[in-house]
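Here is the file query-v4.tsv (TSV, C-alpha atoms).
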chain	number	residue	atom	x	y	z
L	1	MET	CA	23.49	-7.92	-29.45
L	2	THR	CA	22.67	-11.61	-29.57
L	3	TRP	CA	19.58	-13.57	-28.59
L	4	GLU	CA	19.15	-16.78	-26.69
L	5	HIS	CA	15.81	-18.45	-26.02
L	6	GLY	CA	13.96	-15.19	-26.64
L	7	ARG	CA	16.03	-13.35	-24.06
L	8	CYS	CA	18.25	-10.45	-24.90
L	9	SER	CA	21.68	-11.73	-24.00
L	10	GLY	CA	23.29	-8.35	-24.64
L	11	LEU	CA	21.65	-6.91	-21.54
L	12	THR	CA	23.78	-5.88	-18.59
L	13	LEU	CA	22.30	-5.21	-15.18
L	14	ARG	CA	24.09	-3.01	-12.66
L	15	PRO	CA	23.12	-0.95	-9.61
L	16	THR	CA	21.61	2.43	-10.40
L	17	THR	CA	23.70	5.45	-9.39
L	18	ALA	CA	22.91	9.13	-9.09
L	19	GLU	CA	24.51	9.57	-12.52
L	20	ASP	CA	21.72	7.51	-14.09
L	21	ARG	CA	19.12	10.06	-13.02
L	22	ASP	CA	18.55	11.66	-16.42
L	23	ALA	CA	18.48	8.34	-18.27
L	24	VAL	CA	16.03	6.77	-15.80
L	25	LEU	CA	13.76	9.81	-15.72
L	26	ALA	CA	13.73	9.88	-19.53
L	27	ILE	CA	12.04	6.46	-19.36
L	28	LEU	CA	10.01	6.93	-16.19
L	29	LEU	CA	8.37	10.33	-16.69
L	30	PRO	CA	6.68	9.52	-20.02
L	31	ILE	CA	5.33	6.28	-18.50
L	32	LEU	CA	3.89	8.21	-15.55
L	33	ALA	CA	2.51	10.84	-17.94
L	34	THR	CA	0.35	8.24	-19.68
L	35	GLY	CA	-1.43	7.57	-16.36
L	36	GLU	CA	-2.14	4.04	-17.55
L	37	THR	CA	-0.04	1.80	-15.34
L	38	TYR	CA	1.19	3.46	-12.13
L	39	ALA	CA	-0.97	4.86	-9.32
L	40	LEU	CA	1.21	7.95	-9.23
L	41	PRO	CA	0.60	11.52	-10.36
L	42	ARG	CA	0.90	11.95	-14.12
L	43	ASP	CA	2.69	15.27	-13.63
L	44	MET	CA	5.32	14.21	-11.09
L	45	THR	CA	8.33	16.51	-11.16
L	46	ASP	CA	11.81	15.18	-11.82
L	47	ASP	CA	12.66	15.49	-8.11
L	48	GLU	CA	9.49	13.74	-6.93
L	49	ALA	CA	9.88	10.91	-9.42
L	50	TRP	CA	13.54	10.35	-8.61
L	51	HIS	CA	12.80	10.43	-4.89
L	52	TYR	CA	10.04	7.85	-5.30
L	53	TRP	CA	11.95	5.58	-7.65
L	54	PHE	CA	15.55	5.82	-6.42
L	55	THR	CA	15.88	7.53	-3.06
L	56	LEU	CA	13.20	5.45	-1.34
L	57	ALA	CA	14.49	2.18	-2.83
L	58	GLU	CA	16.46	-0.41	-0.91
L	59	GLY	CA	17.84	-1.60	-4.23
L	60	CYS	CA	17.66	-0.05	-7.69
L	61	TRP	CA	19.10	-1.60	-10.86
L	62	VAL	CA	19.40	-0.45	-14.45
L	63	ALA	CA	19.52	-2.63	-17.56
L	64	GLU	CA	21.92	-1.46	-20.25
L	65	GLN	CA	22.11	-2.41	-23.90
L	66	GLU	CA	25.34	-1.33	-25.58
L	67	GLY	CA	25.89	1.35	-22.95
L	68	THR	CA	22.34	2.74	-23.10
L	69	VAL	CA	19.95	2.46	-20.16
L	70	VAL	CA	16.84	0.67	-21.47
L	71	GLY	CA	15.16	-0.33	-18.23
L	72	CYS	CA	15.21	-0.01	-14.46
L	73	TYR	CA	13.59	-1.47	-11.38
L	74	TYR	CA	13.42	-0.59	-7.71
L	75	LEU	CA	13.12	-2.96	-4.75
L	76	ARG	CA	11.90	-2.00	-1.30
L	77	SER	CA	9.85	-3.17	1.66
L	78	ASN	CA	6.14	-3.08	0.94
L	79	ALA	CA	5.21	-2.42	4.56
L	80	ARG	CA	6.85	-1.87	7.92
L	81	GLY	CA	6.81	-3.64	11.25
L	82	GLY	CA	5.17	-7.05	10.97
L	83	GLY	CA	4.95	-6.57	7.19
L	84	ASP	CA	8.58	-5.75	6.47
L	85	HIS	CA	9.47	-9.22	5.14
L	86	VAL	CA	7.34	-8.53	2.05
L	87	CYS	CA	8.92	-6.45	-0.68
L	88	ASN	CA	7.60	-4.47	-3.61
L	89	CYS	CA	9.18	-3.70	-6.98
L	90	GLY	CA	8.44	-1.37	-9.86
L	91	TYR	CA	9.75	-1.86	-13.41
L	92	ILE	CA	10.14	0.40	-16.42
L	93	VAL	CA	11.36	-0.34	-19.94
L	94	ALA	CA	12.14	2.20	-22.65
L	95	PRO	CA	9.65	2.09	-25.57
L	96	GLU	CA	12.35	1.26	-28.12
L	97	ALA	CA	13.45	-1.77	-26.06
L	98	ARG	CA	10.04	-3.35	-25.49
L	99	GLY	CA	9.18	-6.84	-26.68
L	100	GLN	CA	12.75	-8.02	-26.20
L	101	GLY	CA	12.51	-9.68	-22.82
L	102	VAL	CA	13.91	-6.75	-20.87
L	103	ALA	CA	11.02	-6.71	-18.37
L	104	ALA	CA	11.35	-10.46	-17.89
L	105	THR	CA	15.06	-10.10	-17.21
L	106	LEU	CA	14.44	-7.29	-14.75
L	107	CYS	CA	11.79	-9.36	-12.98
L	108	GLN	CA	14.00	-12.45	-12.70
L	109	HIS	CA	16.84	-10.32	-11.37
L	110	SER	CA	14.58	-8.60	-8.86
L	111	LEU	CA	13.34	-11.94	-7.50
L	112	LYS	CA	16.92	-13.06	-6.91
L	113	GLN	CA	17.78	-9.74	-5.29
L	114	ALA	CA	14.70	-9.91	-3.08
L	115	ARG	CA	15.72	-13.35	-1.83
L	116	SER	CA	19.28	-12.20	-1.20
L	117	HIS	CA	17.92	-9.24	0.77
L	118	GLY	CA	16.07	-11.76	2.94
L	119	PHE	CA	12.54	-10.92	1.81
L	120	ARG	CA	10.08	-13.80	2.14
L	121	ALA	CA	7.55	-12.58	-0.43
L	122	MET	CA	7.03	-10.00	-3.17
L	123	GLN	CA	3.79	-8.06	-3.61
L	124	PHE	CA	2.43	-5.77	-6.31
L	125	ASN	CA	-0.32	-3.65	-4.78
L	126	CYS	CA	-2.01	-2.15	-7.80
L	127	VAL	CA	-1.51	-3.93	-11.12
L	128	VAL	CA	-3.91	-2.26	-13.51
L	129	SER	CA	-6.11	-5.01	-14.95
L	130	THR	CA	-6.01	-3.51	-18.45
L	131	ASN	CA	-2.21	-3.88	-18.44
L	132	GLU	CA	-2.68	-7.45	-19.62
L	133	GLY	CA	0.85	-7.96	-20.88
L	134	ALA	CA	2.23	-7.14	-17.45
L	135	VAL	CA	-0.30	-9.39	-15.68
L	136	ARG	CA	0.68	-12.35	-17.90
L	137	LEU	CA	4.38	-11.59	-17.47
L	138	TRP	CA	4.14	-11.57	-13.65
L	139	GLN	CA	2.09	-14.78	-13.75
L	140	ARG	CA	4.77	-16.46	-15.90
L	141	HIS	CA	7.29	-15.41	-13.26
L	142	GLY	CA	5.44	-17.00	-10.39
L	143	PHE	CA	3.03	-14.33	-9.21
L	144	ASP	CA	-0.55	-15.18	-8.31
L	145	ILE	CA	-3.49	-12.80	-8.47
L	146	VAL	CA	-4.49	-12.83	-4.79
L	147	GLY	CA	-6.88	-9.90	-4.84
L	148	ARG	CA	-9.08	-7.86	-7.15
L	149	LEU	CA	-9.97	-4.27	-6.27
L	150	PRO	CA	-13.16	-3.30	-8.13
L	151	GLY	CA	-12.79	-0.02	-10.01
L	152	ALA	CA	-9.74	0.94	-7.96
L	153	PHE	CA	-7.85	2.49	-10.89
L	154	HIS	CA	-9.03	5.37	-13.03
L	155	HIS	CA	-7.59	4.71	-16.46
L	156	PRO	CA	-7.46	7.74	-18.77
L	157	GLY	CA	-8.88	5.72	-21.66
L	158	HIS	CA	-10.96	2.97	-20.07
L	159	GLY	CA	-12.39	4.79	-17.05
L	160	TYR	CA	-12.62	2.98	-13.71
L	161	VAL	CA	-11.03	-0.44	-14.07
L	162	ASP	CA	-10.13	-3.15	-11.57
L	163	ALA	CA	-6.70	-3.29	-10.01
L	164	LEU	CA	-5.07	-6.58	-9.07
L	165	VAL	CA	-3.01	-7.49	-6.05
L	166	MET	CA	-0.29	-9.94	-7.13
L	167	TYR	CA	1.88	-11.91	-4.74
L	168	GLN	CA	4.68	-14.45	-4.74
L	169	ASP	CA	6.01	-16.50	-1.86
L	170	LEU	CA	9.80	-16.39	-2.26
L	171	GLN	CA	10.30	-19.33	0.09
L	172	ALA	CA	8.48	-21.82	-2.12
L	173	PRO	CA	10.92	-24.39	-3.56
J	1	MET	CA	-23.42	7.78	29.55
J	2	THR	CA	-26.44	6.05	28.06
J	3	TRP	CA	-26.77	3.16	25.64
J	4	GLU	CA	-28.98	2.62	22.66
J	5	HIS	CA	-29.06	-0.57	20.61
J	6	GLY	CA	-25.57	-1.50	21.77
J	7	ARG	CA	-24.11	1.83	20.70
J	8	CYS	CA	-22.56	4.25	23.08
J	9	SER	CA	-24.77	7.33	22.74
J	10	GLY	CA	-22.50	9.41	24.97
J	11	LEU	CA	-19.82	9.50	22.31
J	12	THR	CA	-18.89	12.78	20.65
J	13	LEU	CA	-16.83	12.90	17.48
J	14	ARG	CA	-14.87	16.01	16.53
J	15	PRO	CA	-11.86	16.80	14.33
J	16	THR	CA	-8.50	16.01	15.88
J	17	THR	CA	-6.30	19.02	16.68
J	18	ALA	CA	-2.64	19.37	17.58
J	19	GLU	CA	-3.77	19.63	21.21
J	20	ASP	CA	-5.00	16.03	21.10
J	21	ARG	CA	-1.49	14.75	20.39
J	22	ASP	CA	-0.74	13.39	23.87
J	23	ALA	CA	-4.18	11.79	24.26
J	24	VAL	CA	-4.03	10.13	20.83
J	25	LEU	CA	-0.46	8.91	21.28
J	26	ALA	CA	-1.40	7.47	24.69
J	27	ILE	CA	-3.79	5.16	22.82
J	28	LEU	CA	-1.78	4.66	19.62
J	29	LEU	CA	1.71	3.88	20.90
J	30	PRO	CA	0.72	0.91	23.11
J	31	ILE	CA	-1.26	-0.55	20.20
J	32	LEU	CA	1.77	-0.24	17.92
J	33	ALA	CA	3.99	-1.70	20.65
J	34	THR	CA	1.99	-4.95	20.66
J	35	GLY	CA	2.92	-5.46	16.99
J	36	GLU	CA	-0.29	-7.43	16.53
J	37	THR	CA	-2.46	-5.29	14.30
J	38	TYR	CA	-0.58	-2.58	12.40
J	39	ALA	CA	2.21	-3.10	9.85
J	40	LEU	CA	4.20	-0.34	11.49
J	41	PRO	CA	7.32	-0.39	13.66
J	42	ARG	CA	6.58	-1.42	17.25
J	43	ASP	CA	9.02	1.20	18.52
J	44	MET	CA	7.78	4.23	16.58
J	45	THR	CA	8.73	7.48	18.29
J	46	ASP	CA	6.09	10.01	19.30
J	47	ASP	CA	7.03	12.21	16.35
J	48	GLU	CA	6.96	9.38	13.82
J	49	ALA	CA	3.62	8.08	15.07
J	50	TRP	CA	2.00	11.51	15.11
J	51	HIS	CA	3.33	12.24	11.62
J	52	TYR	CA	1.94	8.97	10.30
J	53	TRP	CA	-1.42	9.23	12.04
J	54	PHE	CA	-2.20	12.95	12.01
J	55	THR	CA	0.10	14.94	9.74
J	56	LEU	CA	-0.32	12.67	6.72
J	57	ALA	CA	-4.10	12.43	7.18
J	58	GLU	CA	-6.63	14.24	5.02
J	59	GLY	CA	-9.07	13.92	7.89
J	60	CYS	CA	-8.55	12.88	11.50
J	61	TRP	CA	-11.30	12.57	14.13
J	62	VAL	CA	-11.33	11.78	17.83
J	63	ALA	CA	-14.15	10.19	19.81
J	64	GLU	CA	-14.70	11.61	23.27
J	65	GLN	CA	-16.59	10.18	26.22
J	66	GLU	CA	-17.24	12.70	28.96
J	67	GLY	CA	-14.36	14.87	27.79
J	68	THR	CA	-11.87	12.01	27.48
J	69	VAL	CA	-10.46	10.91	24.12
J	70	VAL	CA	-11.26	7.19	23.80
J	71	GLY	CA	-10.68	6.64	20.10
J	72	CYS	CA	-9.42	8.17	16.89
J	73	TYR	CA	-9.30	7.52	13.16
J	74	TYR	CA	-7.48	8.95	10.20
J	75	LEU	CA	-8.69	9.18	6.61
J	76	ARG	CA	-6.49	9.63	3.57
J	77	SER	CA	-5.99	8.61	-0.04
J	78	ASN	CA	-4.75	5.06	-0.36
J	79	ALA	CA	-2.86	5.74	-3.58
J	80	ARG	CA	-2.07	8.59	-5.94
J	81	GLY	CA	-2.76	9.34	-9.57
J	82	GLY	CA	-5.28	6.91	-11.00
J	83	GLY	CA	-5.78	5.44	-7.52
J	84	ASP	CA	-6.56	8.61	-5.62
J	85	HIS	CA	-10.33	8.02	-5.51
J	86	VAL	CA	-9.77	5.15	-3.07
J	87	CYS	CA	-9.21	6.07	0.57
J	88	ASN	CA	-7.74	4.31	3.56
J	89	CYS	CA	-8.52	4.65	7.27
J	90	GLY	CA	-6.93	3.51	10.50
J	91	TYR	CA	-8.80	3.22	13.80
J	92	ILE	CA	-7.71	3.03	17.43
J	93	VAL	CA	-9.76	2.61	20.61
J	94	ALA	CA	-8.50	2.94	24.18
J	95	PRO	CA	-8.47	-0.40	26.05
J	96	GLU	CA	-10.88	0.86	28.73
J	97	ALA	CA	-13.43	1.81	26.07
J	98	ARG	CA	-13.43	-1.40	24.07
J	99	GLY	CA	-16.54	-3.53	23.57
J	100	GLN	CA	-18.76	-0.46	23.66
J	101	GLY	CA	-19.25	0.15	19.97
J	102	VAL	CA	-16.65	2.89	19.72
J	103	ALA	CA	-14.89	1.27	16.74
J	104	ALA	CA	-18.23	0.78	15.01
J	105	THR	CA	-19.10	4.44	15.53
J	106	LEU	CA	-15.70	5.53	14.22
J	107	CYS	CA	-16.10	3.28	11.17
J	108	GLN	CA	-19.60	4.59	10.35
J	109	HIS	CA	-18.38	8.15	10.73
J	110	SER	CA	-15.36	7.52	8.52
J	111	LEU	CA	-17.52	6.07	5.75
J	112	LYS	CA	-19.66	9.20	5.75
J	113	GLN	CA	-16.59	11.42	5.79
J	114	ALA	CA	-15.04	9.45	2.94
J	115	ARG	CA	-18.15	9.95	0.82
J	116	SER	CA	-18.26	13.65	1.64
J	117	HIS	CA	-14.59	13.93	0.63
J	118	GLY	CA	-15.59	12.45	-2.74
J	119	PHE	CA	-13.85	9.10	-2.35
J	120	ARG	CA	-15.44	6.29	-4.38
J	121	ALA	CA	-14.11	3.38	-2.31
J	122	MET	CA	-12.34	2.55	0.95
J	123	GLN	CA	-9.55	-0.02	1.21
J	124	PHE	CA	-7.72	-1.65	4.09
J	125	ASN	CA	-4.42	-2.99	2.80
J	126	CYS	CA	-3.26	-5.24	5.59
J	127	VAL	CA	-5.92	-6.49	8.01
J	128	VAL	CA	-4.19	-9.11	10.12
J	129	SER	CA	-6.23	-12.30	9.79
J	130	THR	CA	-5.86	-13.13	13.49
J	131	ASN	CA	-7.56	-9.83	14.33
J	132	GLU	CA	-10.90	-11.61	13.94
J	133	GLY	CA	-12.96	-9.06	15.80
J	134	ALA	CA	-11.83	-6.33	13.43
J	135	VAL	CA	-12.45	-8.49	10.35
J	136	ARG	CA	-16.03	-9.21	11.49
J	137	LEU	CA	-16.59	-5.56	12.35
J	138	TRP	CA	-15.47	-4.34	8.93
J	139	GLN	CA	-17.61	-7.02	7.25
J	140	ARG	CA	-20.65	-5.87	9.25
J	141	HIS	CA	-19.94	-2.37	7.96
J	142	GLY	CA	-19.94	-3.36	4.32
J	143	PHE	CA	-16.36	-4.37	3.63
J	144	ASP	CA	-15.56	-7.44	1.56
J	145	ILE	CA	-12.41	-9.52	1.80
J	146	VAL	CA	-11.09	-9.04	-1.74
J	147	GLY	CA	-7.62	-10.45	-1.22
J	148	ARG	CA	-5.60	-12.75	1.02
J	149	LEU	CA	-1.84	-12.31	1.34
J	150	PRO	CA	-0.31	-15.60	2.49
J	151	GLY	CA	1.98	-15.14	5.48
J	152	ALA	CA	2.28	-11.42	4.84
J	153	PHE	CA	2.19	-10.42	8.52
J	154	HIS	CA	4.63	-11.53	11.19
J	155	HIS	CA	2.60	-11.71	14.37
J	156	PRO	CA	4.64	-11.69	17.59
J	157	GLY	CA	2.58	-14.54	19.03
J	158	HIS	CA	1.33	-16.52	16.04
J	159	GLY	CA	4.26	-16.19	13.65
J	160	TYR	CA	3.62	-15.61	9.94
J	161	VAL	CA	-0.12	-15.20	9.41
J	162	ASP	CA	-2.19	-14.14	6.41
J	163	ALA	CA	-3.17	-10.54	5.90
J	164	LEU	CA	-6.44	-9.58	4.26
J	165	VAL	CA	-7.21	-6.84	1.77
J	166	MET	CA	-10.67	-5.45	2.54
J	167	TYR	CA	-12.58	-3.11	0.27
J	168	GLN	CA	-15.87	-1.27	0.05
J	169	ASP	CA	-17.41	0.48	-2.92
J	170	LEU	CA	-18.82	3.72	-1.52
J	171	GLN	CA	-21.00	4.32	-4.57
J	172	ALA	CA	-23.14	1.25	-4.02
J	173	PRO	CA	-26.70	2.19	-3.05
Please express the file's structure as structure tokens.
Amino acid sequence: MTWEHGRCSGLTLRPTTAEDRDAVLAILLPILATGETYALPRDMTDDEAWHYWFTLAEGCWVAEQEGTVVGCYYLRSNARGGGDHVCNCGYIVAPEARGQGVAATLCQHSLKQARSHGFRAMQFNCVVSTNEGAVRLWQRHGFDIVGRLPGAFHHPGHGYVDALVMYQDLQAP
Amino acid sequence: MTWEHGRCSGLTLRPTTAEDRDAVLAILLPILATGETYALPRDMTDDEAWHYWFTLAEGCWVAEQEGTVVGCYYLRSNARGGGDHVCNCGYIVAPEARGQGVAATLCQHSLKQARSHGFRAMQFNCVVSTNEGAVRLWQRHGFDIVGRLPGAFHHPGHGYVDALVMYQDLQAP
């Protein structure tokens, strides 16, 4: 694996398939179990988590390092009807692959995919304010904090903390 | 029907039942068909609309005037896991009953119900900014605009317009 400009150049992104289920769930379920970053049940079953992450997605991609799945993201509409031009994504990275630019690579890829799917904007509905690394990462990738929801997330360690609504116009030059 | 302080005192609120389906859909489907206020498909089928409005609800109430259903709201969690203390509501009023305080009565009732269900806050995720009457009504009932989503709603008449995130802490004295 080689590095260029702080990015992991040995990372390969490809569409997620049903055969990735175990590898994706092995990353996703422990993240949900912490209850620190996703507004989803901490005890989601394998089936529920896979349905949420993969089945409901309009696009789902895994990042591989030397044949091992180290991250994944989903892409889907954030709303229906008059809101269906705005998409939403979720990202996960395996603990052993953190700090290597994997999330940044997933985010960049997802923004390109969103544009190619014809979405005009991307929205994150509930970014937990204590997840400061994620907030900074999304800001570096063009997202603005457009809303703050007071006490909208119950963090297992910090109690009721604010959640942020983050948004990016994909049509901006 | 009598009036007190601009409120319709002849209004009765009761839990929605499966027998209200036709009456509720007769109000809901034309509102969805306009595509002006809800981020839902304009051509939702009866089954889809009832599922969204009634089946998924944790509470659903109709307002009756002289035995006729003139409005309805649903109440449910807005998110899961660490976000499940925040609820969401949707409100509909029949065209012939508008301007009579029905929406205000529904909103007041829903706030009480939300508190009695133990919710700590209420959030509206996508209030269409051109729906100025609704925005003012929610503000009069304690909601703040906590976010603005640029161009997040495609209005059939006005094109891409902003959507507002509105929020109310239910624990405030």
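You can rank J:Gly157, J:Gly101, J:Gly10, J:Gly133 by their closest distance to Gly35 (chain J) using only C-alpha atoms, and at the top of that list sits J:Gly157.
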Report as number ranges by chain all protein, DNA and RNA residues lying within 10 Å of Tyr73 (chain J), evaluated on only C-alpha atoms, omitting residues in the same chain fewer than 3 positions from it.
J: 15-16, 24, 53-54, 57, 59-63, 89-93, 103, 106-107, 109-110
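For the choices L:Val165, L:Gly99, L:Met44, L:Leu28, the atom-to-atom distance to Tyr74 (chain L) is smallest for L:Leu28 when using all atoms listed in the file.
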State, in Å with one decimal place, the distance from CA of Val161 (chain L) to CA of Leu149 (chain L).
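Value for the CA of Val161 (chain L)-CA of Leu149 (chain L) distance: 8.8 Å.
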Can you check which parts of chain J lie within 7 Å of chain L? Per residue, the shortest pair of atoms and distance in Å to one decimal, counting only C-alpha atoms, sorted by chain and number, as CSV.
residue,atom,partner,partner_atom,distance
J:Gly35,CA,L:Gly82,CA,6.6
J:Ala39,CA,L:Gly81,CA,4.8
J:Leu40,CA,L:Gly81,CA,4.2
J:Pro41,CA,L:Gly81,CA,4.1
J:Arg42,CA,L:Gly81,CA,6.4
J:Ala79,CA,L:Ala39,CA,6.1
J:Arg80,CA,L:Leu40,CA,4.7
J:Gly81,CA,L:Pro41,CA,4.1
J:Gly82,CA,L:His154,CA,4.5
J:Gly83,CA,L:Phe153,CA,4.9
J:Val86,CA,L:Ala152,CA,6.5
J:Val146,CA,L:Gly147,CA,5.3
J:Gly147,CA,L:Gly147,CA,3.7
J:Arg148,CA,L:Val146,CA,5.9
J:Leu149,CA,L:Val146,CA,6.7
J:Ala152,CA,L:Gly83,CA,6.0
J:Phe153,CA,L:Gly83,CA,4.9
J:His154,CA,L:Gly82,CA,4.5
J:His155,CA,L:Gly82,CA,6.3
Can you tell me how far CA of Ala26 (chain J) sits from CA of Leu11 (chain J), in Å to one decimal?
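Between CA of Ala26 (chain J) and CA of Leu11 (chain J) the gap is 18.7 Å.
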Between L:Leu13, L:His51, L:Leu111, L:Ile27, smallest distance to Gln65 (chain L) by all atoms listed in the file belongs to L:Leu13
